[in-house]
Structures are given as C-alpha cells and as structure tokens.
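Coordinates from upload25.pdb are shown below (PDB, C-alpha atoms).
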```pdb
ATOM      1  CA  MET A   1      94.084 117.029  90.756
ATOM      2  CA  ASN A   2      93.675 118.128  94.325
ATOM      3  CA  GLY A   3      94.239 114.818  96.136
ATOM      4  CA  ILE A   4      90.592 113.962  96.814
ATOM      5  CA  LYS A   5      89.703 110.300  96.348
ATOM      6  CA  ASN A   6      86.601 108.138  96.723
ATOM      7  CA  VAL A   7      86.313 104.417  97.303
ATOM      8  CA  ILE A   8      85.081 102.498  94.246
ATOM      9  CA  SER A   9      84.296  98.842  93.616
ATOM     10  CA  GLU A  10      86.609  96.295  92.026
ATOM     11  CA  GLN A  11      84.127  96.034  89.152
ATOM     12  CA  GLN A  12      84.303  99.782  88.489
ATOM     13  CA  PHE A  13      88.100  99.693  88.415
ATOM     14  CA  ASP A  14      88.194  96.583  86.219
ATOM     15  CA  ARG A  15      85.742  98.044  83.705
ATOM     16  CA  VAL A  16      87.932 101.110  83.149
ATOM     17  CA  ALA A  17      91.189  99.107  83.241
ATOM     18  CA  MET A  18      89.920  96.779  80.510
ATOM     19  CA  ALA A  19      89.127  99.792  78.289
ATOM     20  CA  ALA A  20      92.467 101.524  78.942
ATOM     21  CA  GLU A  21      94.713 102.189  75.988
ATOM     22  CA  HIS A  22      98.412 101.358  75.828
ATOM     23  CA  GLY A  23     100.317 103.271  78.535
ATOM     24  CA  GLN A  24      97.245 104.276  80.558
ATOM     25  CA  LEU A  25      97.345 101.293  82.950
ATOM     26  CA  LYS A  26     100.497 101.244  85.057
ATOM     27  CA  GLN A  27     101.710  98.883  87.751
ATOM     28  CA  ARG A  28     104.259  99.212  90.529
ATOM     29  CA  ASN A  29     105.612  96.841  93.157
ATOM     30  CA  ASP A  30     104.859  98.364  96.558
ATOM     31  CA  GLU A  31     105.634  97.300 100.100
ATOM     32  CA  PHE A  32     102.591  95.003 100.402
ATOM     33  CA  GLY A  33     102.032  93.933  96.785
ATOM     34  CA  VAL A  34     101.452  95.216  93.276
ATOM     35  CA  SER A  35      99.614  98.524  92.889
ATOM     36  CA  PHE A  36      97.856  99.565  89.696
ATOM     37  CA  SER A  37      96.900 103.013  88.445
ATOM     38  CA  ILE A  38      94.967 104.346  85.465
ATOM     39  CA  TRP A  39      96.204 107.575  83.902
ATOM     40  CA  LEU A  40      94.554 109.997  81.461
ATOM     41  CA  ASN A  41      96.270 113.102  80.086
ATOM     42  CA  GLY A  42      98.976 112.889  82.753
ATOM     43  CA  HIS A  43      96.517 112.628  85.667
ATOM     44  CA  MET A  44      95.903 109.579  87.839
ATOM     45  CA  MET A  45      92.189 108.804  87.558
ATOM     46  CA  MET A  46      91.954 105.511  89.519
ATOM     47  CA  SER A  47      94.234 103.341  91.607
ATOM     48  CA  SER A  48      94.283  99.947  93.270
ATOM     49  CA  THR A  49      96.515  99.369  96.297
ATOM     50  CA  VAL A  50      97.206  96.567  98.777
ATOM     51  CA  ASP A  51      97.325  97.270 102.519
ATOM     52  CA  GLU A  52      99.404  95.592 105.230
ATOM     53  CA  ASN A  53      96.725  92.883 105.671
ATOM     54  CA  GLY A  54      96.855  91.918 101.994
ATOM     55  CA  ASP A  55      93.471  93.502 101.255
ATOM     56  CA  ARG A  56      93.134  95.334  97.942
ATOM     57  CA  HIS A  57      91.431  98.747  97.855
ATOM     58  CA  TYR A  58      90.167 100.674  94.824
ATOM     59  CA  TRP A  59      90.105 104.476  94.511
ATOM     60  CA  GLU A  60      88.824 107.128  92.135
ATOM     61  CA  HIS A  61      90.930 110.320  92.183
ATOM     62  CA  PHE A  62      89.752 113.899  91.596
TER      63      PHE A  62
END
```

Translate this structure into structure tokens?
Amino acid sequence: MNGIKNVISEQQFDRVAMAAEHGQLKQRNDEFGVSFSIWLNGHMMMSSTVDENGDRHYWEHF
C-alpha cells in the first residue's frame, strides 16, 4: 500500500463492512470519535474517521 486514498460513500463502506469476516473490521477510539477500518491480508482497504467538527469521512486505500 502506497498511502493513496480516495473518498467513498457511506453506503460503499457499509456494504463492505457488513460482508467483513471476523477480525477484518476493526475499531479504535480517536481524538474526535470512533474510527473504523477494514483489513484484508494485513492491508487496510477502507477506513472511516471523524474530524474535529464531528463529521464522518469514508476512504478507500490503495
């Protein structure tokens, strides 16, 4: 993974999160709220983070 990410929709993230197997969906308490990430073969594929305004953003990682 080279650190490139694209914005995705909440629906895209949710669709993959719902299909994730045990251990692939992870959560972490961050400074502004709970962040989620979806992992496959040791690589982060998608993430969901909260910014300082409380807005949630969804990302696809490459």

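Using all atoms listed in the file, the smallest distance between any of A:His22, A:Ser9, A:Asp14, A:Asp30 and Glu52 (chain A) comes from A:Asp30.
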
Near-Phe62 (chain A) list (12 Å; only C-alpha atoms; drop same-chain fewer than 6 positions) as a count of residues only:
14

Given the file shown, enumerate the residues that the PyMOL selection byres ((chain A and resi 34) around 12) captures and present them as an NGL selection string.
:A and (26-33 or 35-37 or 47-51 or 54-57)

Could those selected residues go to a file with C-alpha atoms, as a short mmCIF file (atom, residue, chain, number, x, y, z; two decimals), in the coordinates of the input?
```cif
data_model
loop_
_atom_site.label_atom_id
_atom_site.label_comp_id
_atom_site.auth_asym_id
_atom_site.auth_seq_id
_atom_site.Cartn_x
_atom_site.Cartn_y
_atom_site.Cartn_z
CA LYS A 26 100.50 101.24 85.06
CA GLN A 27 101.71 98.88 87.75
CA ARG A 28 104.26 99.21 90.53
CA ASN A 29 105.61 96.84 93.16
CA ASP A 30 104.86 98.36 96.56
CA GLU A 31 105.63 97.30 100.10
CA PHE A 32 102.59 95.00 100.40
CA GLY A 33 102.03 93.93 96.78
CA SER A 35 99.61 98.52 92.89
CA PHE A 36 97.86 99.56 89.70
CA SER A 37 96.90 103.01 88.44
CA SER A 47 94.23 103.34 91.61
CA SER A 48 94.28 99.95 93.27
CA THR A 49 96.52 99.37 96.30
CA VAL A 50 97.21 96.57 98.78
CA ASP A 51 97.32 97.27 102.52
CA GLY A 54 96.86 91.92 101.99
CA ASP A 55 93.47 93.50 101.26
CA ARG A 56 93.13 95.33 97.94
CA HIS A 57 91.43 98.75 97.86
#
```

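Separating CA of Asn53 (chain A) from CA of Arg15 (chain A) is a distance of 25.1 Å.
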
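Across the model, the gap from CA of Gln12 (chain A) to CA of Gly42 (chain A) is 20.5 Å.
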
With 3 Å added on each side, what axis-aligned box encloses every listed atom of region 45-57 of chain A? Give the centre and edge lengths in Å to one decimal, as lines of an AutoDock Vina configuration file.
```
center_x = 95.4
center_y = 100.4
center_z = 96.6
size_x = 14.0
size_y = 22.9
size_z = 24.1
```
